[in-house]
>>> print(open('upload15.pdb').read())   # PDB, C-alpha atoms
MODEL        1
ATOM      1  CA  MET A   1      29.572 -46.780 -24.958
ATOM      2  CA  MET A   2      29.372 -50.235 -23.377
ATOM      3  CA  TYR A   3      29.435 -50.689 -19.608
ATOM      4  CA  SER A   4      30.234 -53.792 -17.620
ATOM      5  CA  SER A   5      27.356 -55.565 -15.942
ATOM      6  CA  GLY A   6      28.966 -55.035 -12.537
ATOM      7  CA  SER A   7      29.309 -51.282 -13.104
ATOM      8  CA  VAL A   8      25.671 -50.909 -14.090
ATOM      9  CA  LYS A   9      24.561 -52.961 -11.077
ATOM     10  CA  ARG A  10      26.502 -50.701  -8.731
ATOM     11  CA  HIS A  11      24.845 -47.639 -10.212
ATOM     12  CA  TYR A  12      21.404 -49.254  -9.876
ATOM     13  CA  LEU A  13      22.057 -50.098  -6.243
ATOM     14  CA  PHE A  14      23.377 -46.633  -5.457
ATOM     15  CA  ARG A  15      20.374 -44.992  -7.083
ATOM     16  CA  ALA A  16      18.103 -47.269  -5.100
ATOM     17  CA  ALA A  17      19.868 -46.165  -1.922
ATOM     18  CA  VAL A  18      19.446 -42.488  -2.837
ATOM     19  CA  LEU A  19      15.737 -42.914  -3.520
ATOM     20  CA  LEU A  20      15.292 -44.782  -0.267
ATOM     21  CA  ALA A  21      17.181 -42.052   1.597
ATOM     22  CA  PHE A  22      14.789 -39.429   0.214
ATOM     23  CA  ALA A  23      11.848 -41.581   1.301
ATOM     24  CA  VAL A  24      13.305 -41.866   4.811
ATOM     25  CA  TYR A  25      13.962 -38.121   4.985
ATOM     26  CA  ILE A  26      10.426 -37.186   3.947
ATOM     27  CA  GLU A  27       9.030 -39.684   6.453
ATOM     28  CA  HIS A  28      11.311 -38.125   9.090
ATOM     29  CA  LEU A  29       9.897 -34.652   8.344
ATOM     30  CA  ALA A  30       6.341 -35.955   8.436
ATOM     31  CA  ARG A  31       6.837 -37.752  11.762
ATOM     32  CA  HIS A  32       8.346 -34.652  13.358
ATOM     33  CA  ASP A  33       5.660 -32.360  11.908
ATOM     34  CA  ALA A  34       8.325 -30.352  10.060
ATOM     35  CA  LEU A  35       7.002 -30.392   6.486
ATOM     36  CA  HIS A  36       5.387 -26.992   7.029
ATOM     37  CA  TYR A  37       8.880 -25.483   7.223
ATOM     38  CA  TYR A  38       9.406 -26.331   3.541
ATOM     39  CA  VAL A  39       6.072 -26.581   1.682
ATOM     40  CA  THR A  40       2.549 -25.229   1.990
ATOM     41  CA  PRO A  41      -0.026 -27.301   3.911
ATOM     42  CA  LYS A  42      -1.884 -28.198   0.706
ATOM     43  CA  LEU A  43       1.296 -29.462  -0.919
ATOM     44  CA  ALA A  44       2.387 -31.211   2.285
ATOM     45  CA  VAL A  45      -0.610 -33.551   1.974
ATOM     46  CA  TRP A  46       0.863 -34.937  -1.255
ATOM     47  CA  VAL A  47       4.493 -34.834  -0.127
ATOM     48  CA  ARG A  48       3.564 -37.106   2.799
ATOM     49  CA  LEU A  49       2.649 -39.777   0.245
ATOM     50  CA  CYS A  50       5.993 -39.608  -1.592
ATOM     51  CA  PRO A  51       7.831 -42.190   0.562
ATOM     52  CA  VAL A  52       5.557 -44.922  -0.827
ATOM     53  CA  PRO A  53       6.360 -44.516  -4.565
ATOM     54  CA  LEU A  54       9.996 -43.677  -3.789
ATOM     55  CA  SER A  55      10.347 -46.922  -1.817
ATOM     56  CA  PHE A  56       8.803 -48.934  -4.644
ATOM     57  CA  MET A  57      11.150 -47.305  -7.163
ATOM     58  CA  ALA A  58      14.132 -48.088  -4.925
ATOM     59  CA  LEU A  59      12.966 -51.682  -4.545
ATOM     60  CA  SER A  60      12.540 -52.019  -8.306
ATOM     61  CA  LEU A  61      16.100 -50.806  -8.980
ATOM     62  CA  ALA A  62      17.526 -53.067  -6.281
ATOM     63  CA  VAL A  63      15.699 -56.116  -7.670
ATOM     64  CA  GLN A  64      16.962 -55.360 -11.180
ATOM     65  CA  ALA A  65      20.520 -55.000  -9.904
ATOM     66  CA  LEU A  66      20.503 -58.136  -7.778
ATOM     67  CA  PHE A  67      18.337 -60.495  -9.785
ATOM     68  CA  GLY A  68      17.953 -59.006 -13.261
ATOM     69  CA  GLY A  69      19.477 -60.560 -16.327
ATOM     70  CA  PRO A  70      21.562 -58.770 -18.957
ATOM     71  CA  SER A  71      18.446 -57.374 -20.641
ATOM     72  CA  ALA A  72      17.242 -55.796 -17.370
ATOM     73  CA  ILE A  73      20.529 -54.021 -16.634
ATOM     74  CA  CYS A  74      21.669 -53.033 -20.083
ATOM     75  CA  GLY A  75      22.744 -49.541 -19.027
ATOM     76  CA  CYS A  76      21.186 -48.233 -22.222
ATOM     77  CA  GLY A  77      19.367 -45.299 -20.642
ATOM     78  CA  ARG A  78      21.087 -42.079 -19.672
ATOM     79  CA  GLN A  79      24.833 -42.323 -20.193
ATOM     80  CA  LEU A  80      26.617 -43.261 -16.986
ATOM     81  CA  PRO A  81      29.595 -41.263 -15.667
ATOM     82  CA  ARG A  82      32.926 -42.453 -17.036
ATOM     83  CA  SER A  83      34.940 -41.751 -13.875
ATOM     84  CA  ARG A  84      34.633 -41.738 -10.126
ATOM     85  CA  ALA A  85      34.776 -37.954 -10.157
ATOM     86  CA  GLY A  86      31.891 -37.853 -12.591
ATOM     87  CA  SER A  87      29.888 -40.225 -10.420
ATOM     88  CA  ALA A  88      30.638 -38.157  -7.323
ATOM     89  CA  ALA A  89      29.531 -34.960  -9.077
ATOM     90  CA  MET A  90      26.305 -36.501 -10.373
ATOM     91  CA  TYR A  91      25.242 -38.156  -7.138
ATOM     92  CA  GLY A  92      26.492 -35.246  -5.047
ATOM     93  CA  VAL A  93      23.694 -33.115  -6.494
ATOM     94  CA  PHE A  94      21.247 -35.436  -4.707
ATOM     95  CA  LEU A  95      23.307 -36.379  -1.657
ATOM     96  CA  LEU A  96      24.284 -32.858  -0.571
ATOM     97  CA  PRO A  97      20.672 -31.681   0.049
ATOM     98  CA  LEU A  98      20.004 -34.934   1.900
ATOM     99  CA  LEU A  99      23.048 -34.524   4.129
ATOM    100  CA  LEU A 100      22.161 -30.900   4.860
ATOM    101  CA  GLY A 101      18.576 -31.890   5.562
ATOM    102  CA  PHE A 102      19.569 -34.504   8.114
ATOM    103  CA  ALA A 103      22.383 -32.428   9.623
ATOM    104  CA  LEU A 104      20.705 -29.033   9.992
ATOM    105  CA  PRO A 105      17.819 -28.335  12.367
ATOM    106  CA  ASP A 106      14.338 -27.881  10.921
ATOM    107  CA  ARG A 107      13.357 -24.292  11.563
ATOM    108  CA  ALA A 108      11.501 -21.424   9.984
ATOM    109  CA  LEU A 109      13.122 -18.804   7.764
ATOM    110  CA  GLY A 110      14.170 -15.665   9.593
ATOM    111  CA  SER A 111      15.956 -12.351   9.313
ATOM    112  CA  ALA A 112      18.924 -13.717   7.347
ATOM    113  CA  ALA A 113      16.629 -14.932   4.571
ATOM    114  CA  ALA A 114      14.589 -11.719   4.743
ATOM    115  CA  THR A 115      17.751  -9.669   4.248
ATOM    116  CA  ARG A 116      18.791 -11.740   1.223
ATOM    117  CA  LYS A 117      15.360 -11.545  -0.395
ATOM    118  CA  GLY A 118      14.582  -7.963   0.648
ATOM    119  CA  ILE A 119      11.637  -7.456   2.966
ATOM    120  CA  SER A 120       8.504  -5.757   1.666
ATOM    121  CA  LEU A 121       6.966  -3.103   3.920
ATOM    122  CA  ASN A 122       4.788  -1.570   1.227
ATOM    123  CA  TYR A 123       1.942  -3.534  -0.363
ATOM    124  CA  SER A 124       1.036  -1.157  -3.173
ATOM    125  CA  SER A 125       2.074  -3.804  -5.696
ATOM    126  CA  LEU A 126      -0.345  -6.304  -4.160
ATOM    127  CA  VAL A 127      -3.534  -4.230  -4.277
ATOM    128  CA  PRO A 128      -4.933  -1.529  -6.590
ATOM    129  CA  LYS A 129      -5.105   2.017  -5.214
ATOM    130  CA  GLU A 130      -8.384   3.831  -4.525
ATOM    131  CA  SER A 131      -8.884   7.128  -2.709
ATOM    132  CA  ALA A 132     -12.520   6.924  -1.533
ATOM    133  CA  ARG A 133     -13.057   5.191   1.796
ATOM    134  CA  PHE A 134     -13.712   1.519   1.276
ATOM    135  CA  GLN A 135     -15.112   2.045  -2.223
ATOM    136  CA  THR A 136     -13.740   0.717  -5.495
ATOM    137  CA  SER A 137     -14.705   0.512  -9.107
ATOM    138  CA  ASP A 138     -12.277  -2.344  -9.647
ATOM    139  CA  PRO A 139     -14.044  -5.740  -9.329
ATOM    140  CA  PHE A 140     -10.729  -7.374  -8.455
ATOM    141  CA  ALA A 141     -10.360  -5.058  -5.436
ATOM    142  CA  ALA A 142     -13.906  -5.539  -4.137
ATOM    143  CA  GLU A 143     -12.709  -8.165  -1.640
ATOM    144  CA  PHE A 144     -10.265  -5.692  -0.099
ATOM    145  CA  ALA A 145     -12.976  -3.039   0.233
ATOM    146  CA  ALA A 146     -15.332  -5.501   1.925
ATOM    147  CA  LEU A 147     -12.598  -6.656   4.300
ATOM    148  CA  ALA A 148     -11.686  -3.033   5.061
ATOM    149  CA  LYS A 149     -15.213  -2.347   6.370
ATOM    150  CA  LYS A 150     -14.981  -5.340   8.708
ATOM    151  CA  LEU A 151     -11.521  -4.357   9.942
ATOM    152  CA  TYR A 152     -12.544  -0.751  10.546
ATOM    153  CA  SER A 153     -15.465  -1.796  12.734
ATOM    154  CA  GLN A 154     -13.117  -3.448  15.243
ATOM    155  CA  PRO A 155     -11.898  -1.452  18.267
ATOM    156  CA  VAL A 156      -8.624  -3.376  17.998
ATOM    157  CA  ILE A 157      -7.741  -4.939  14.635
ATOM    158  CA  PRO A 158      -6.366  -8.479  15.014
ATOM    159  CA  VAL A 159      -4.077  -9.629  12.202
ATOM    160  CA  PHE A 160      -4.893 -13.314  11.892
ATOM    161  CA  PRO A 161      -2.060 -15.388  10.359
ATOM    162  CA  GLN A 162      -4.549 -17.116   8.048
ATOM    163  CA  ILE A 163      -5.217 -13.796   6.257
ATOM    164  CA  PHE A 164      -2.004 -11.964   7.150
ATOM    165  CA  THR A 165      -1.232 -10.830   3.604
ATOM    166  CA  GLU A 166      -4.810  -9.830   2.809
ATOM    167  CA  THR A 167      -5.160  -7.871   6.052
ATOM    168  CA  LEU A 168      -1.926  -5.913   5.646
ATOM    169  CA  GLY A 169      -2.706  -5.395   1.965
ATOM    170  CA  THR A 170      -6.109  -3.950   2.876
ATOM    171  CA  LEU A 171      -4.623  -1.675   5.536
ATOM    172  CA  GLU A 172      -2.017  -0.469   3.045
ATOM    173  CA  ARG A 173      -4.656   0.221   0.435
ATOM    174  CA  PHE A 174      -6.675   2.384   2.792
ATOM    175  CA  LYS A 175      -3.790   3.443   5.027
ATOM    176  CA  HIS A 176      -4.937   7.038   5.568
ATOM    177  CA  ASP A 177      -8.392   5.848   6.638
ATOM    178  CA  PHE A 178      -6.857   3.512   9.200
ATOM    179  CA  GLU A 179      -4.555   6.101  10.798
ATOM    180  CA  GLY A 180      -5.034   6.050  14.551
ATOM    181  CA  LYS A 181      -6.675   2.609  14.610
ATOM    182  CA  GLU A 182      -5.303   0.118  17.091
ATOM    183  CA  ILE A 183      -3.818  -3.153  15.840
ATOM    184  CA  VAL A 184      -2.330  -6.378  17.201
ATOM    185  CA  VAL A 185       0.058  -8.451  15.096
ATOM    186  CA  SER A 186       2.586 -11.232  15.728
ATOM    187  CA  GLY A 187       5.687 -12.342  13.835
ATOM    188  CA  PHE A 188       9.462 -12.401  14.029
ATOM    189  CA  LEU A 189      11.499  -9.291  14.707
ATOM    190  CA  TYR A 190      13.424  -8.037  11.678
ATOM    191  CA  ARG A 191      15.977  -5.256  11.767
ATOM    192  CA  GLU A 192      18.178  -4.155   8.885
ATOM    193  CA  ASN A 193      21.908  -4.279   9.541
ATOM    194  CA  THR A 194      22.424  -1.015   7.653
ATOM    195  CA  GLY A 195      20.657   1.069  10.290
ATOM    196  CA  SER A 196      18.456   2.642   7.592
ATOM    197  CA  MET A 197      15.333   1.868   9.625
ATOM    198  CA  GLY A 198      16.121   4.713  11.994
ATOM    199  CA  GLY A 199      15.866   2.729  15.204
ATOM    200  CA  ARG A 200      12.673   1.056  14.055
ATOM    201  CA  PHE A 201      12.168  -2.601  13.295
ATOM    202  CA  ALA A 202       9.580  -4.724  11.539
ATOM    203  CA  VAL A 203       7.286  -7.482  12.711
ATOM    204  CA  SER A 204       7.402  -9.948   9.860
ATOM    205  CA  ARG A 205       6.189 -13.194   8.358
ATOM    206  CA  PHE A 206       7.153 -15.160   5.249
ATOM    207  CA  LEU A 207       4.487 -15.571   2.583
ATOM    208  CA  VAL A 208       4.835 -18.996   0.937
ATOM    209  CA  GLN A 209       2.960 -19.789  -2.270
ATOM    210  CA  CYS A 210       4.333 -23.288  -2.918
ATOM    211  CA  CYS A 211       7.528 -23.981  -0.970
ATOM    212  CA  THR A 212      10.210 -22.032   0.863
ATOM    213  CA  ALA A 213      12.072 -21.454  -2.407
ATOM    214  CA  ASP A 214       9.426 -18.858  -3.336
ATOM    215  CA  ALA A 215       9.043 -17.441   0.194
ATOM    216  CA  THR A 216       8.568 -13.661   0.302
ATOM    217  CA  PRO A 217       9.277 -11.740   3.520
ATOM    218  CA  LEU A 218       6.486  -9.307   4.417
ATOM    219  CA  GLY A 219       6.204  -7.038   7.409
ATOM    220  CA  ILE A 220       5.028  -3.809   8.954
ATOM    221  CA  LEU A 221       7.214  -1.128  10.526
ATOM    222  CA  VAL A 222       7.211  -0.734  14.296
ATOM    223  CA  TYR A 223       8.362   2.210  16.364
ATOM    224  CA  ALA A 224       8.630   1.631  20.111
ATOM    225  CA  LYS A 225       9.358   4.627  22.331
ATOM    226  CA  GLN A 226      10.953   2.355  24.886
ATOM    227  CA  GLN A 227      13.278   0.283  22.754
ATOM    228  CA  LYS A 228      13.727  -3.283  23.899
ATOM    229  CA  SER A 229      17.033  -5.015  23.294
ATOM    230  CA  LEU A 230      15.421  -8.033  21.687
ATOM    231  CA  PRO A 231      17.568  -9.869  19.133
ATOM    232  CA  VAL A 232      16.439 -10.379  15.559
ATOM    233  CA  ASP A 233      14.281 -13.425  14.885
ATOM    234  CA  THR A 234      12.658 -13.133  18.322
ATOM    235  CA  TRP A 235       8.944 -13.805  17.987
ATOM    236  CA  ILE A 236       6.945 -10.865  19.280
ATOM    237  CA  LYS A 237       3.392  -9.598  19.609
ATOM    238  CA  VAL A 238       3.033  -5.894  18.897
ATOM    239  CA  ARG A 239       0.094  -3.755  19.950
ATOM    240  CA  GLY A 240      -0.201  -0.109  19.001
ATOM    241  CA  LYS A 241      -1.731   2.515  16.740
ATOM    242  CA  LEU A 242      -1.304   2.795  12.991
ATOM    243  CA  GLN A 243       0.400   5.832  11.513
ATOM    244  CA  VAL A 244       1.438   6.766   7.981
ATOM    245  CA  VAL A 245       5.120   7.669   7.681
ATOM    246  CA  VAL A 246       7.530   8.233   4.832
ATOM    247  CA  TYR A 247      10.045   5.413   4.619
ATOM    248  CA  LYS A 248      12.593   5.218   1.813
ATOM    249  CA  GLY A 249      10.627   7.814  -0.120
ATOM    250  CA  LYS A 250       7.256   6.040   0.112
ATOM    251  CA  GLU A 251       4.267   6.440   2.371
ATOM    252  CA  THR A 252       4.265   3.366   4.584
ATOM    253  CA  LEU A 253       2.202   2.142   7.499
ATOM    254  CA  GLN A 254       3.884   2.068  10.872
ATOM    255  CA  ILE A 255       2.751   0.828  14.267
ATOM    256  CA  ASP A 256       3.497   3.215  17.124
ATOM    257  CA  ALA A 257       3.840   0.439  19.653
ATOM    258  CA  GLU A 258       2.205   0.594  23.060
ATOM    259  CA  SER A 259       3.580  -2.839  23.921
ATOM    260  CA  VAL A 260       6.060  -5.307  22.433
ATOM    261  CA  THR A 261       5.805  -8.725  24.038
ATOM    262  CA  LYS A 262       8.040 -11.724  23.478
ATOM    263  CA  VAL A 263       6.023 -14.807  22.506
ATOM    264  CA  GLU A 264       6.648 -18.378  21.435
ATOM    265  CA  GLN A 265       7.174 -19.027  17.731
ATOM    266  CA  SER A 266       3.944 -19.963  16.014
ATOM    267  CA  SER A 267       3.457 -23.645  15.222
ATOM    268  CA  THR A 268       2.767 -22.469  11.639
ATOM    269  CA  PRO A 269       5.320 -19.683  11.168
ATOM    270  CA  TYR A 270       4.607 -19.016   7.492
ATOM    271  CA  VAL A 271       1.519 -17.383   6.025
ATOM    272  CA  TYR A 272      -0.385 -18.315   2.871
ATOM    273  CA  THR A 273      -2.908 -16.659   0.592
ATOM    274  CA  SER A 274      -6.614 -17.115   1.223
ATOM    275  CA  PRO A 275      -9.142 -17.750  -1.575
ATOM    276  CA  ASP A 276     -11.804 -15.728   0.297
ATOM    277  CA  SER A 277     -10.410 -13.452   2.999
ATOM    278  CA  GLU A 278     -13.782 -11.893   3.833
ATOM    279  CA  GLU A 279     -15.400 -15.254   4.607
ATOM    280  CA  GLU A 280     -12.325 -16.458   6.481
ATOM    281  CA  TRP A 281     -12.303 -13.271   8.563
ATOM    282  CA  ASP A 282     -15.874 -13.967   9.696
ATOM    283  CA  GLN A 283     -14.932 -17.532  10.672
ATOM    284  CA  LEU A 284     -11.768 -16.487  12.498
ATOM    285  CA  LEU A 285     -13.471 -13.652  14.353
ATOM    286  CA  GLY A 286     -16.276 -15.977  15.389
ATOM    287  CA  SER A 287     -13.779 -18.535  16.697
ATOM    288  CA  ALA A 288     -11.835 -15.865  18.590
ATOM    289  CA  LYS A 289     -14.883 -14.644  20.499
TER     290      LYS A 289
ENDMDL
END
>>> encode(input="upload15.pdb", output="structure tokens")
Amino acid sequence: MMYSSGSVKRHYLFRAAVLLAFAVYIEHLARHDALHYYVTPKLAVWVRLCPVPLSFMALSLAVQALFGGPSAICGCGRQLPRSRAGSAAMYGVFLLPLLLGFALPDRALGSAAATRKGISLNYSSLVPKESARFQTSDPFAAEFAALAKKLYSQPVIPVFPQIFTETLGTLERFKHDFEGKEIVVSGFLYRENTGSMGGRFAVSRFLVQCCTADATPLGILVYAKQQKSLPVDTWIKVRGKLQVVVYKGKETLQIDAESVTKVEQSSTPYVYTSPDSEEEWDQLLGSAK
């Protein structure tokens, strides 16, 4: 199908504008230190560079549209929409996320997303099971056993965000050995709307592997004798002793809270996996002292 030169030029200019808008949006996120709400820190390093190639691509399309000859704007690539409705539908796929991005506040995922995804309070799928205290015949679980020994030696176990998943996974793996141990953990308050948590709530974080599209809500049950009327998504620090309870038919760790304190949201609200949790624990513990 043949297109008029003017029609192709308009499409080139509009595409240039869309690319430039994405460049501006990414630069906006970078300037306001908001990229960590959407991608992991490692990926954010590369995303920060995207405005440069996007701007060059936009400039190239604009130059072709404004100064290119018939051969430069032949319209012989992907077939262009035949109607205004088709154009609106095609470009809307790109414009709608941009409009939402600029219009909505940049903030961390919370209870609403956790409810949709289904929060995980049991980590048996993350780590192999072993009955003997801190011993394993599985080479893939050796890191958890080594971390368990370090955690057990602490009078109060701090759950560092940098190894949040590995710490809770280790505690779950050896949950009966850690009964009665004291723990401190921070995150957002999650409470199911169904009331199935029996007056309990969870202190939670989102595990992000790549970007928020793959975010997985993780948490640990909390029972506070003196219930506080804190709303969901409030960031809290919980201190208490670990107990093993049956929740939804499974043995699950629970913190019998001695204190629940409202805190400011962490500057890095999500948690990520660590390539070596044992080494990172040593570094974090050394820095905390």
>>> residues_around(input="upload15.pdb", residues="Ile163 in chain A", least_positions_apart="3", cutoff="9 Å", atoms="only C-alpha atoms", output="MDAnalysis selection string")
chainID A and resid 159:160 166:168 271:274 277 280:281
>>> resolve_selection(input="upload15.pdb", expression="the PyMOL selection byres ((chain A and resi 16) around 7)", output="list in words")
Tyr12, Leu13, Phe14, Arg15, Ala17, Val18, Leu19, Leu20, Ala58, Leu59, Leu61 and Ala62 of chain A
>>> closest_residue(input="upload15.pdb", among="A:Ala288, A:Val246, A:Val208, A:Leu189", to="Lys262 in chain A", atoms="all atoms listed in the file")
A:Leu189
>>> residues_around(input="upload15.pdb", residues="Ala44 in chain A", least_positions_apart="6", cutoff="12 Å", atoms="all atoms listed in the file", output="list in words")
Ile26, Glu27, Leu29, Ala30, Asp33, Ala34, Leu35, His36, Tyr37, Tyr38, Cys50, Cys210 and Cys211 of chain A
>>> atom_distance(input="upload15.pdb", atom1="CA of Leu66 in chain A", atom2="CA of Leu54 in chain A")
18.3 Å
>>> resolve_selection(input="upload15.pdb", expression="the PyMOL selection byres ((chain A and resi 183) around 10)", output="PyMOL selection string")
chain A and resi 151+154-159+178+180-182+184-185+238-242+255-257
>>> atom_distance(input="upload15.pdb", atom1="CA of Leu221 in chain A", atom2="CA of Lys175 in chain A")
13.1 Å
>>> atom_distance(input="upload15.pdb", atom1="CA of Arg205 in chain A", atom2="CA of Ser287 in chain A")
22.3 Å
>>> closest_residue(input="upload15.pdb", among="A:Lys42, A:Arg173, A:Lys248, A:Arg107", to="Ala142 in chain A", atoms="all atoms listed in the file")
A:Arg173
>>> residues_around(input="upload15.pdb", residues="Gln209 in chain A", least_positions_apart="3", cutoff="10 Å", atoms="only C-alpha atoms", output="list in words")
Val39, Thr40, Leu43, Phe206, Thr212, Ala213, Asp214, Ala215, Thr216, Tyr270, Val271, Tyr272 and Thr273 of chain A
>>> write_last_selection(input="upload15.pdb", atoms="C-alpha atoms", output="short mmCIF file (atom, residue, chain, number, x, y, z; two decimals), in the frame of the given file")
data_model
loop_
_atom_site.label_atom_id
_atom_site.label_comp_id
_atom_site.auth_asym_id
_atom_site.auth_seq_id
_atom_site.Cartn_x
_atom_site.Cartn_y
_atom_site.Cartn_z
CA VAL A 39 6.07 -26.58 1.68
CA THR A 40 2.55 -25.23 1.99
CA LEU A 43 1.30 -29.46 -0.92
CA PHE A 206 7.15 -15.16 5.25
CA THR A 212 10.21 -22.03 0.86
CA ALA A 213 12.07 -21.45 -2.41
CA ASP A 214 9.43 -18.86 -3.34
CA ALA A 215 9.04 -17.44 0.19
CA THR A 216 8.57 -13.66 0.30
CA TYR A 270 4.61 -19.02 7.49
CA VAL A 271 1.52 -17.38 6.02
CA TYR A 272 -0.38 -18.32 2.87
CA THR A 273 -2.91 -16.66 0.59
#
>>> closest_residue(input="upload15.pdb", among="A:Pro269, A:Pro217, A:Gly249, A:Pro231", to="Pro161 in chain A", atoms="all atoms listed in the file")
A:Pro269
>>> closest_residue(input="upload15.pdb", among="A:Thr252, A:Ile119, A:Lys9, A:Val45", to="Phe67 in chain A", atoms="all atoms listed in the file")
A:Lys9
>>> closest_residue(input="upload15.pdb", among="A:Ser83, A:Ser186, A:Gln254, A:Thr268", to="Phe201 in chain A", atoms="only C-alpha atoms")
A:Gln254
>>> closest_residue(input="upload15.pdb", among="A:Tyr247, A:Gln162, A:Ala202, A:Val260", to="Gln226 in chain A", atoms="only C-alpha atoms")
A:Val260
>>> axis_aligned_box(input="upload15.pdb", around="range 270-273 of chain A", padding_each_side="3 Å", output="lines of an AutoDock Vina configuration file")
center_x = 0.8
center_y = -17.8
center_z = 4.0
size_x = 13.5
size_y = 8.4
size_z = 12.9
>>> resolve_selection(input="upload15.pdb", expression="the PyMOL selection byres ((chain A and resi 232) around 8)", output="PyMOL selection string")
chain A and resi 111+188-191+230-231+233-234
